[in-house]
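Novice: Following this line is my_file.csv, made up of CSV, C-alpha atoms and all ligand atoms:
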chain,number,residue,atom,x,y,z
V,113,MET,CA,87.1,34.1,127.4
V,114,SER,CA,85.8,34.4,130.9
V,115,ASN,CA,83.4,37.0,132.3
V,116,LYS,CA,86.4,38.6,134.1
V,117,CYS,CA,88.2,38.9,130.8
V,118,ASN,CA,85.4,41.1,129.4
V,119,ILE,CA,85.7,43.4,132.4
V,120,ILE,CA,89.5,43.6,132.0
V,121,LYS,CA,89.1,44.3,128.3
V,122,ASP,CA,86.9,47.3,129.1
V,123,ILE,CA,89.5,48.8,131.4
V,124,LEU,CA,92.7,47.8,129.4
V,125,PRO,CA,92.7,51.1,127.3
V,126,LEU,CA,92.8,53.1,130.6
V,127,TYR,CA,95.4,50.8,132.0
V,128,ALA,CA,97.5,51.1,128.9
V,129,GLU,CA,97.5,54.8,129.0
V,130,ASP,CA,98.3,54.9,132.8
V,131,MET,CA,95.0,56.5,133.6
V,132,ALA,CA,93.6,53.8,135.9
V,133,SER,CA,93.6,54.0,139.7
V,134,GLN,CA,96.1,52.0,141.7
V,135,ASP,CA,93.4,49.5,142.8
V,136,THR,CA,92.4,48.9,139.2
V,137,ARG,CA,96.0,48.5,138.2
V,138,ASP,CA,96.6,45.9,140.9
V,139,PHE,CA,93.4,44.0,139.8
V,140,VAL,CA,94.5,44.1,136.1
V,141,ASP,CA,98.1,43.1,137.0
V,142,GLU,CA,96.9,40.1,139.0
V,143,HIS,CA,94.7,38.9,136.1
V,144,LEU,CA,97.3,39.4,133.4
V,145,LYS,CA,99.7,37.1,135.3
V,146,HIS,CA,97.5,34.1,134.4
V,147,CYS,CA,95.7,35.2,131.2
V,148,ALA,CA,97.5,35.0,127.9
V,149,GLY,CA,94.5,36.3,126.0
V,150,CYS,CA,94.4,39.6,127.9
V,151,GLN,CA,98.2,40.0,127.7
V,152,ALA,CA,97.9,39.8,123.9
V,153,LYS,CA,95.1,42.3,124.0
V,154,LEU,CA,97.2,44.7,126.0
V,155,ARG,CA,100.1,44.4,123.6
V,156,GLN,CA,97.7,45.2,120.7
V,157,ILE,CA,96.4,48.3,122.4
V,158,LYS,CA,99.9,49.6,123.3
V,159,GLN,CA,101.0,49.1,119.7
V,160,SER,CA,98.1,51.0,118.3
V,161,VAL,CA,98.8,53.8,120.7
V,162,ASP,CA,102.5,53.9,119.9
V,163,PHE,CA,102.6,53.4,116.2
V,164,GLU,CA,99.5,54.5,114.4
V,165,PRO,CA,97.4,57.5,115.0
V,166,ASP,CA,94.0,56.2,115.9
V,167,GLY,CA,90.9,57.9,114.6
V,168,ASN,CA,90.9,60.5,117.3
V,169,THR,CA,94.0,62.3,116.3
V,170,LEU,CA,93.0,62.9,112.6
V,171,PRO,CA,90.5,65.7,113.2
V,172,LEU,CA,93.1,67.4,115.4
V,173,LYS,CA,95.6,67.2,112.5
V,174,LYS,CA,93.1,68.6,110.1
V,175,LEU,CA,92.3,71.5,112.5
V,176,LYS,CA,96.0,72.2,112.8
V,177,LYS,CA,96.4,72.2,109.1
V,178,LYS,CA,93.4,74.5,108.7
V,179,LEU,CA,94.8,76.9,111.3
V,180,ARG,CA,98.2,76.9,109.5
V,181,THR,CA,96.6,77.7,106.2
V,182,LYS,CA,94.6,80.5,107.7
V,183,ARG,CA,97.7,81.9,109.3
V,184,ILE,CA,99.5,81.9,105.9
V,185,GLN,CA,96.5,83.5,104.3
V,186,THR,CA,96.5,86.2,106.9
V,187,ILE,CA,100.2,86.9,106.5
V,188,MET,CA,99.8,86.9,102.6
V,189,PHE,CA,97.0,89.4,102.8
V,190,THR,CA,98.7,91.7,105.3
V,191,VAL,CA,102.0,91.7,103.4
V,192,THR,CA,100.4,92.3,100.0
V,193,LEU,CA,98.3,95.1,101.4
V,194,ALA,CA,101.4,96.7,103.0
V,195,PHE,CA,103.1,96.6,99.6
V,196,VAL,CA,100.1,98.2,97.9
V,197,ILE,CA,100.3,101.1,100.4
V,198,LEU,CA,104.1,101.4,100.0
V,199,VAL,CA,104.0,101.3,96.2
V,200,SER,CA,101.2,103.9,96.0
V,201,LEU,CA,102.9,106.2,98.5
V,202,PHE,CA,106.2,105.8,96.5
V,203,ALA,CA,104.3,106.6,93.2
V,204,VAL,CA,102.8,109.8,94.7
V,205,LEU,CA,106.1,110.9,96.3
V,206,THR,CA,108.2,110.3,93.2
V,207,SER,CA,105.7,111.8,90.7
V,208,PRO,CA,107.6,114.5,88.8
V,209,GLN,CA,106.6,118.2,89.4
V,210,TYR,CA,107.6,120.0,86.3
V,211,PHE,CA,109.1,123.5,86.4
V,212,PRO,CA,107.7,126.2,84.3
V,213,TYR,CA,110.4,128.1,82.4
V,214,SER,CA,112.3,130.9,84.3
V,215,ASP,CA,115.5,132.8,83.6
V,216,ASN,CA,117.5,131.0,86.3
V,217,LEU,CA,116.1,127.5,85.7
V,218,LEU,CA,118.9,126.6,83.3
V,219,THR,CA,121.9,128.0,81.5
V,220,VAL,CA,123.4,126.8,78.2
V,221,SER,CA,127.1,127.0,77.5
V,222,ASP,CA,129.2,126.1,74.4
V,223,ASN,CA,132.0,123.7,74.8
V,224,MET,CA,135.4,123.6,73.0
V,225,ASN,CA,134.5,120.5,71.0
V,226,GLY,CA,131.3,121.9,69.6
V,227,SER,CA,128.9,120.3,72.0
V,228,ILE,CA,126.8,122.2,74.4
V,229,THR,CA,126.2,121.7,78.1
V,230,ILE,CA,122.9,122.6,79.8
V,231,PHE,CA,123.3,123.4,83.5
V,232,PHE,CA,120.2,123.1,85.6
V,233,ASP,CA,119.4,125.1,88.8
V,234,GLU,CA,120.0,123.1,92.0
V,235,LYS,CA,116.3,122.8,92.7
V,236,VAL,CA,116.1,120.5,89.6
V,237,THR,CA,116.5,116.9,90.6
V,238,GLY,CA,115.5,115.2,87.3
V,239,TYR,CA,115.3,115.9,83.6
V,240,SER,CA,114.5,114.2,80.4
V,241,CYS,CA,115.3,114.9,76.8
V,242,SER,CA,113.5,113.8,73.6
V,243,LYS,CA,114.8,114.3,70.1
V,244,GLY,CA,113.2,115.0,66.8
V,245,ILE,CA,114.3,116.1,63.3
V,246,ASP,CA,112.7,119.0,61.5
V,247,ILE,CA,111.7,117.4,58.2
V,248,ASP,CA,112.1,120.5,56.1
V,249,THR,CA,115.5,121.7,57.3
V,250,GLY,CA,117.1,118.5,58.7
V,251,VAL,CA,117.7,120.4,61.9
V,252,GLU,CA,117.8,118.3,65.1
V,253,VAL,CA,115.3,119.5,67.6
V,254,TYR,CA,115.6,118.7,71.3
V,255,TYR,CA,112.9,119.0,73.9
V,256,ILE,CA,114.0,119.2,77.5
V,257,ASP,CA,111.9,119.2,80.6
V,258,ALA,CA,113.0,119.4,84.2
V,259,TRP,CA,111.4,118.5,87.5
V,260,ASN,CA,111.8,117.7,91.1
V,261,THR,CA,109.8,115.3,93.3
V,262,ILE,CA,108.6,115.4,96.9
V,263,TRP,CA,110.8,112.3,97.5
V,264,ASP,CA,113.9,114.1,96.2
V,265,LEU,CA,113.1,117.1,98.4
V,266,LEU,CA,112.8,114.9,101.5
V,267,PHE,CA,115.4,112.3,101.0
V,268,SER,CA,117.8,112.7,98.2
V,269,LYS,CA,121.2,114.5,98.3
V,270,ARG,CA,121.0,117.5,96.1
V,271,GLU,CA,123.4,117.5,93.2
V,272,LYS,CA,123.4,120.0,90.4
V,273,GLN,CA,122.2,118.3,87.2
V,274,ASN,CA,123.6,118.9,83.8
V,275,MET,CA,123.4,117.4,80.4
V,276,VAL,CA,125.6,117.4,77.3
V,277,VAL,CA,124.2,117.6,73.8
V,278,ASP,CA,126.6,116.8,71.0
V,279,THR,CA,126.2,119.2,68.1
V,280,ALA,CA,129.2,118.2,66.0
V,281,ASP,CA,128.5,117.3,62.3
V,282,LYS,CA,124.9,118.5,62.5
V,283,LYS,CA,123.2,120.7,60.0
V,284,GLY,CA,122.0,122.7,62.9
V,285,ILE,CA,120.5,122.3,66.3
V,286,GLN,CA,117.5,123.7,68.2
V,287,VAL,CA,116.9,123.1,71.9
V,288,TYR,CA,113.5,123.9,73.5
V,289,TYR,CA,112.5,123.8,77.1
V,290,ALA,CA,109.1,122.0,77.3
V,291,GLN,CA,107.2,123.5,80.2
V,292,ASN,CA,104.6,120.6,80.4
V,293,ASN,CA,101.9,122.9,81.7
V,294,ASP,CA,100.0,123.7,78.6
V,295,ALA,CA,102.3,126.7,77.9
V,296,VAL,CA,104.4,127.1,74.8
V,297,ASP,CA,107.9,125.5,74.6
V,298,VAL,CA,110.7,128.0,75.1
V,299,PRO,CA,113.6,128.1,72.7
V,300,ILE,CA,116.8,128.1,74.7
V,301,TYR,CA,119.5,127.4,72.1
V,302,GLY,CA,120.2,127.4,68.3
V,303,ALA,CA,118.7,128.6,65.1
V,304,ARG,CA,114.9,128.9,65.3
V,305,VAL,CA,112.9,126.5,63.2
V,306,SER,CA,110.0,128.6,62.2
V,307,ASP,CA,107.4,125.8,62.2
V,308,ASN,CA,108.1,125.1,65.9
V,309,GLU,CA,107.1,128.6,67.0
V,310,GLY,CA,104.3,128.4,69.5
V,311,ARG,CA,104.6,124.7,69.8
V,312,LYS,CA,103.3,123.2,73.0
V,313,THR,CA,104.4,119.8,74.5
V,314,LEU,CA,101.1,118.0,75.0
V,315,PRO,CA,100.4,115.5,77.7
V,316,ARG,CA,99.6,111.9,76.7
V,317,LEU,CA,96.0,110.9,77.2
V,318,VAL,CA,96.2,107.2,76.8
V,319,LEU,CA,96.1,106.5,80.6
V,320,GLY,CA,92.5,107.9,80.5
V,321,TRP,CA,91.6,105.4,77.8
V,322,TYR,CA,93.1,102.5,79.8
V,323,PHE,CA,91.2,103.6,82.9
V,324,PHE,CA,87.8,103.8,81.2
V,325,TRP,CA,88.4,100.5,79.3
V,326,ALA,CA,89.2,98.8,82.6
V,327,LEU,CA,86.2,100.3,84.3
V,328,GLY,CA,84.0,99.2,81.3
V,329,ALA,CA,85.4,95.7,81.4
V,330,PHE,CA,84.7,95.5,85.1
V,331,ILE,CA,81.1,96.6,84.8
V,332,VAL,CA,80.5,94.2,81.9
V,333,LEU,CA,81.9,91.3,83.9
V,334,LEU,CA,79.9,92.3,87.0
V,335,VAL,CA,76.7,92.3,85.0
V,336,ALA,CA,77.5,89.0,83.4
V,337,ARG,CA,78.1,87.6,86.9
V,338,LEU,CA,74.9,88.9,88.3
V,339,LEU,CA,72.9,87.5,85.3
V,340,LEU,CA,74.6,84.1,85.8
V,341,THR,CA,73.8,83.9,89.5
V,342,ILE,CA,70.2,84.8,88.7
V,343,LEU,CA,69.9,82.2,86.0
V,344,PHE,CA,71.6,79.3,87.9
V,345,LYS,CA,70.7,79.8,91.5
V,346,LYS,CA,73.6,77.7,92.6
V,347,LYS,CA,77.1,79.2,92.5
V,348,SER,CA,78.9,77.6,89.6
V,349,ASN,CA,82.6,77.5,88.8
V,350,VAL,CA,82.0,79.9,86.0
V,351,VAL,CA,80.9,82.5,88.5
V,352,ILE,CA,84.0,81.9,90.6
V,353,TRP,CA,86.2,82.4,87.6
V,354,LEU,CA,84.2,85.5,86.5
V,355,ASP,CA,84.8,86.9,90.0
V,356,ARG,CA,88.6,86.4,89.6
V,357,LEU,CA,88.5,87.9,86.1
V,358,ALA,CA,86.5,90.9,87.2
V,359,LEU,CA,89.0,91.6,89.9
V,360,LEU,CA,91.7,92.3,87.2
V,361,PRO,CA,90.2,95.5,85.7
V,362,ALA,CA,89.0,96.5,89.2
V,363,SER,CA,92.6,96.2,90.4
V,364,TYR,CA,93.8,98.4,87.5
V,365,VAL,CA,91.1,101.1,88.2
V,366,LEU,CA,92.0,101.1,91.9
V,367,ALA,CA,95.8,101.2,91.1
V,368,HIS,CA,95.2,104.3,88.9
V,369,LEU,CA,93.2,106.0,91.6
V,370,LEU,CA,95.8,105.2,94.3
V,371,THR,CA,98.9,106.3,92.3
V,372,LYS,CA,97.5,109.1,90.2
V,373,GLY,CA,94.2,110.1,91.7
V,374,ILE,CA,91.7,111.3,89.1
V,375,ASN,CA,94.4,112.7,86.8
V,376,PHE,CA,94.5,111.2,83.4
V,377,PRO,CA,96.8,113.3,81.2
V,378,THR,CA,100.5,112.5,81.8
V,379,TYR,CA,103.8,113.9,80.7
V,380,SER,CA,105.6,110.8,82.0
V,381,LEU,CA,103.6,108.0,80.5
V,382,GLN,CA,106.1,105.2,80.9
V,383,ARG,CA,106.8,105.9,84.5
V,384,ASP,CA,103.1,106.3,85.4
V,385,PHE,CA,102.0,103.2,83.6
V,386,SER,CA,104.7,101.0,85.2
V,387,MET,CA,103.6,102.3,88.6
V,388,ILE,CA,99.9,101.6,87.9
V,389,VAL,CA,100.7,98.1,86.6
V,390,LEU,CA,102.9,97.3,89.6
V,391,ALA,CA,100.3,98.5,92.1
V,392,ALA,CA,97.5,96.7,90.1
V,393,ILE,CA,99.3,93.3,90.4
V,394,LEU,CA,99.8,93.8,94.2
V,395,ILE,CA,96.1,94.9,94.6
V,396,TYR,CA,95.0,91.8,92.7
V,397,CYS,CA,97.0,89.5,94.9
V,398,ALA,CA,95.8,91.3,98.0
V,399,MET,CA,92.1,91.0,96.9
V,400,LEU,CA,92.5,87.3,96.1
V,401,SER,CA,94.1,86.5,99.5
V,402,GLY,CA,91.6,88.8,101.2
V,403,ILE,CA,88.7,86.9,99.6
V,404,SER,CA,90.0,83.4,100.5
V,405,LEU,CA,90.5,84.6,104.0
V,406,TYR,CA,87.0,86.0,104.2
V,407,ARG,CA,85.6,82.7,102.8
V,408,ALA,CA,87.6,80.7,105.3
V,409,ARG,CA,86.2,82.8,108.2
V,410,LYS,CA,82.7,82.3,106.9
V,411,THR,CA,82.8,78.5,106.6
V,412,GLN,CA,84.3,78.1,110.0
V,501,ZN,ZN,91.7,37.5,130.6
Give the structure from the file, written as structure tokens.

Specialist:
Amino acid sequence: MSNKCNIIKDILPLYAEDMASQDTRDFVDEHLKHCAGCQAKLRQIKQSVDFEPDGNTLPLKKLKKKLRTKRIQTIMFTVTLAFVILVSLFAVLTSPQYFPYSDNLLTVSDNMNGSITIFFDEKVTGYSCSKGIDIDTGVEVYYIDAWNTIWDLLFSKREKQNMVVDTADKKGIQVYYAQNNDAVDVPIYGARVSDNEGRKTLPRLVLGWYFFWALGAFIVLLVARLLLTILFKKKSNVVIWLDRLALLPASYVLAHLLTKGINFPTYSLQRDFSMIVLAAILIYCAMLSGISLYRARKTQ
């Protein structure tokens, strides 16, 4: 290989990429006519440019991938956060507002076939009915409550509600209106069952227990995490898992506060609990994606 070949070799990459000046191109062309070694070298360079990404494109690909991951994380975080807000808002708007008893709230009428129909006033948009049997007399006892919601007032088409209670082949029937406001249940139909006089429908308190259990679990996990980070200065995997675990009860506590505020007693346990669990799952996802997004920003 001549001295000239070494010079050509230095400028071949520029030549191959069309980045050399016209003078340089002419000089290289002239040399290539007679030099098989440099021709081979040029083919080699062109191949490597065309077919395999050389070392320089890899960091670019990594950066692109990183940016894409970050974009997905941002979208995930925004979407889950939006759902948290929507579900909480929905829970608040659809929370039942129970009516206290009044004369025009409902009317009861006997039907030909022995059943009874309860007609609710048009302001009632929902009702529920629970059934029990008086142990002493065998009389069936029904407890009915009625409500509306902000959601129904705003969006739903009002239709008069009514319900039918079948009384055929029964030893007797007693229907009460449960006021759900710490006032006594009001008898609205049937023979009185003396034991039920002055009975109140009590709220369920279990959501309060769940709330404080979750709060307790969160505090315990938080303390355990702090102790671990003090003991082993370096952040271990255990700590990362503890963080993720501690977020579960934290999500539940937040979900309760968002959907029910600081109210714990409930007359609609199933509904309230489902809303809290749904919101908690969404909050948990939002917190996880929020944290990974925050970490990605910090390490950049
Ligand atoms: Zn040469």

Novice: Counting only C-alpha atoms and all ligand atoms, which protein, DNA or RNA residues come within 12 Å of ligand ZN 501 (chain V), given as an mmCIF file with C-alpha atoms, keeping the file's coordinate frame?

Specialist:
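Output contents, as saved in selection_32.cif:
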data_model
loop_
_atom_site.group_PDB
_atom_site.id
_atom_site.type_symbol
_atom_site.label_atom_id
_atom_site.label_comp_id
_atom_site.auth_asym_id
_atom_site.auth_seq_id
_atom_site.Cartn_x
_atom_site.Cartn_y
_atom_site.Cartn_z
ATOM 1 C CA MET V 113 87.100 34.100 127.400
ATOM 2 C CA SER V 114 85.800 34.400 130.900
ATOM 3 C CA ASN V 115 83.400 37.000 132.300
ATOM 4 C CA LYS V 116 86.400 38.600 134.100
ATOM 5 C CA CYS V 117 88.200 38.900 130.800
ATOM 6 C CA ASN V 118 85.400 41.100 129.400
ATOM 7 C CA ILE V 119 85.700 43.400 132.400
ATOM 8 C CA ILE V 120 89.500 43.600 132.000
ATOM 9 C CA LYS V 121 89.100 44.300 128.300
ATOM 10 C CA ASP V 122 86.900 47.300 129.100
ATOM 11 C CA ILE V 123 89.500 48.800 131.400
ATOM 12 C CA LEU V 124 92.700 47.800 129.400
ATOM 13 C CA PHE V 139 93.400 44.000 139.800
ATOM 14 C CA VAL V 140 94.500 44.100 136.100
ATOM 15 C CA ASP V 141 98.100 43.100 137.000
ATOM 16 C CA GLU V 142 96.900 40.100 139.000
ATOM 17 C CA HIS V 143 94.700 38.900 136.100
ATOM 18 C CA LEU V 144 97.300 39.400 133.400
ATOM 19 C CA LYS V 145 99.700 37.100 135.300
ATOM 20 C CA HIS V 146 97.500 34.100 134.400
ATOM 21 C CA CYS V 147 95.700 35.200 131.200
ATOM 22 C CA ALA V 148 97.500 35.000 127.900
ATOM 23 C CA GLY V 149 94.500 36.300 126.000
ATOM 24 C CA CYS V 150 94.400 39.600 127.900
ATOM 25 C CA GLN V 151 98.200 40.000 127.700
ATOM 26 C CA ALA V 152 97.900 39.800 123.900
ATOM 27 C CA LYS V 153 95.100 42.300 124.000
ATOM 28 C CA LEU V 154 97.200 44.700 126.000
#

Novice: Within 7 Å of Leu314 in chain V, counting all atoms listed in the file, which residues show up once you throw out same-chain ones fewer than 2 positions away? Write them as a list of chain:residue names, please.

Specialist: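 Skipping anything fewer than 2 positions along the chain leaves V:Asn292, V:Asp294, V:Lys312, V:Arg316.
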
Novice: How many Å lie between CA of Met188 in chain V and CA of Leu366 in chain V, rounded to one decimal?

Specialist: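 Interatomic distance here is 19.4 Å.
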
Novice: Write out as a list in words each polymer residue whose atoms come within 6 Å of Asn274 in chain V, counting all atoms listed in the file; drop sequence neighbours fewer than 2 positions from it.

Specialist: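 Once the nearby chain positions are removed, what remains is Ile230, Phe231 and Phe232 of chain V.
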
Novice: Find, counting only C-alpha atoms, the residue in V:Leu265, V:Leu343, V:Ile157, V:Met275 that gets nearest to Tyr127 in chain V.

Specialist: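 Checking each candidate against Tyr127 in chain V, we get V:Ile157 as the closest.
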
Novice: Neighbours of Asp233 in chain V within 12 Å (all atoms listed in the file; same-chain residues fewer than 5 positions away dropped), as an MDAnalysis selection string?

Specialist: chainID V and resid 211 213:220 238:239 258:260 270:274

Novice: Which value, in Å to one decimal, gives the distance between CA of Ile352 in chain V and CA of Val365 in chain V?

Specialist: 20.6 Å

Novice: Could you state the separation of CA of Leu266 in chain V and CA of Ala391 in chain V in Å, given to one decimal place?

Specialist: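 Computed distance, CA of Leu266 in chain V to CA of Ala391 in chain V, equals 22.7 Å.
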
Novice: Write out as a list in words the residues lying within 12 Å of Leu360 in chain V, counting all atoms listed in the file and excluding same-chain residues fewer than 6 positions away.

Specialist: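 Residues near the query, excluding close chain neighbours: Trp325, Ala326, Leu327, Gly328, Ala329, Phe330, Ile331, Leu333, Leu334, Trp353, Leu354, Leu366, Ala367, Val389, Ala391, Ala392, Ile393, Leu394, Ile395, Tyr396, Cys397, Ala398, Met399 and Leu400 of chain V.
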
Novice: With distances taken over only C-alpha atoms, which of V:Thr371, V:Asn223, V:Gln134, V:Asn293 is nearest to Phe385 in chain V?

Specialist: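 Looking only at the distances to Phe385 in chain V, the closest residue turns out to be V:Thr371.
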
Novice: Given all atoms listed in the file as the basis, pick out the residue of V:Arg337, V:Gly373, V:Ser363, V:Thr186 nearest to Tyr406 in chain V.

Specialist: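 Checking each of V:Arg337, V:Gly373, V:Ser363, V:Thr186 against Tyr406 in chain V, counting all atoms listed in the file, the winner is V:Thr186.
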
Novice: Which of these residues is nearest to Tyr289 in chain V, using all atoms listed in the file: V:Ala358, V:Tyr210, V:Leu338, V:Val318?

Specialist: V:Tyr210

Novice: Which one is closest to Pro361 in chain V: V:Val332, V:Ile262, V:Ala132, V:Val236? Count all atoms listed in the file.

Specialist: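 The shortest atom-to-atom distance to Pro361 in chain V comes from V:Val332.
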
Novice: Considering only C-alpha atoms, state which residue in the set V:Gly310, V:Leu359, V:Asp138, V:Lys173 is at the smallest distance from Gly402 in chain V.

Specialist: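 Of the candidates, the smallest distance to Gly402 in chain V is held by V:Leu359.
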
Novice: Some atoms are absent from range 246-267 of chain V, so rebuild N, CA, C and O atoms and return them as a compact mmCIF listing (two decimals), keeping the file's coordinate frame.

Specialist:
# COMPACT_ATOMS: atom_id res chain seq x y z
N ASP V 246 113.60 118.15 62.30
CA ASP V 246 112.70 119.00 61.50
C ASP V 246 112.79 118.48 60.04
O ASP V 246 113.88 118.47 59.45
N ILE V 247 111.65 118.07 59.50
CA ILE V 247 111.70 117.40 58.20
C ILE V 247 112.17 118.34 57.09
O ILE V 247 112.95 117.94 56.23
N ASP V 248 111.74 119.61 57.13
CA ASP V 248 112.10 120.50 56.10
C ASP V 248 113.57 120.89 56.05
O ASP V 248 114.20 120.92 55.01
N THR V 249 114.11 121.16 57.22
CA THR V 249 115.50 121.70 57.30
C THR V 249 116.51 120.69 57.69
O THR V 249 117.70 120.93 57.53
N GLY V 250 116.11 119.55 58.24
CA GLY V 250 117.10 118.50 58.70
C GLY V 250 117.70 118.94 60.03
O GLY V 250 118.65 118.30 60.49
N VAL V 251 117.18 119.98 60.64
CA VAL V 251 117.70 120.40 61.90
C VAL V 251 117.26 119.52 63.04
O VAL V 251 116.09 119.15 63.09
N GLU V 252 118.18 119.14 63.91
CA GLU V 252 117.80 118.30 65.10
C GLU V 252 117.15 119.20 66.13
O GLU V 252 117.69 120.24 66.48
N VAL V 253 116.00 118.75 66.62
CA VAL V 253 115.30 119.50 67.60
C VAL V 253 115.21 118.73 68.92
O VAL V 253 114.81 117.57 68.91
N TYR V 254 115.66 119.34 69.99
CA TYR V 254 115.60 118.70 71.30
C TYR V 254 114.57 119.33 72.18
O TYR V 254 114.44 120.56 72.18
N TYR V 255 113.84 118.53 72.90
CA TYR V 255 112.90 119.00 73.90
C TYR V 255 113.30 118.55 75.26
O TYR V 255 113.40 117.35 75.49
N ILE V 256 113.54 119.51 76.13
CA ILE V 256 114.00 119.20 77.50
C ILE V 256 113.00 119.57 78.49
O ILE V 256 112.39 120.64 78.36
N ASP V 257 112.76 118.72 79.46
CA ASP V 257 111.90 119.20 80.60
C ASP V 257 112.68 118.86 81.89
O ASP V 257 113.63 118.07 81.91
N ALA V 258 112.29 119.51 82.96
CA ALA V 258 113.00 119.40 84.20
C ALA V 258 112.00 119.38 85.37
O ALA V 258 110.95 120.01 85.29
N TRP V 259 112.31 118.63 86.42
CA TRP V 259 111.40 118.50 87.50
C TRP V 259 112.07 118.24 88.84
O TRP V 259 113.28 118.00 88.86
N ASN V 260 111.32 118.30 89.89
CA ASN V 260 111.80 117.70 91.10
C ASN V 260 110.59 116.86 91.68
O ASN V 260 109.49 116.87 91.11
N THR V 261 110.84 116.11 92.74
CA THR V 261 109.80 115.30 93.30
C THR V 261 109.79 115.52 94.84
O THR V 261 110.81 115.94 95.40
N ILE V 262 108.68 115.23 95.47
CA ILE V 262 108.60 115.40 96.90
C ILE V 262 109.68 114.45 97.56
O ILE V 262 110.37 114.81 98.51
N TRP V 263 109.82 113.26 96.99
CA TRP V 263 110.80 112.30 97.50
C TRP V 263 112.21 112.89 97.48
O TRP V 263 112.94 112.80 98.47
N ASP V 264 112.58 113.51 96.34
CA ASP V 264 113.90 114.10 96.20
C ASP V 264 114.09 115.23 97.26
O ASP V 264 115.16 115.37 97.86
N LEU V 265 113.04 116.04 97.44
CA LEU V 265 113.10 117.10 98.40
C LEU V 265 113.36 116.60 99.80
O LEU V 265 114.09 117.19 100.59
N LEU V 266 112.72 115.47 100.11
CA LEU V 266 112.80 114.90 101.50
C LEU V 266 114.07 114.12 101.71
O LEU V 266 114.71 114.24 102.74
N PHE V 267 114.42 113.27 100.73
CA PHE V 267 115.40 112.30 101.00
C PHE V 267 116.72 112.34 100.22
O PHE V 267 117.74 111.84 100.65
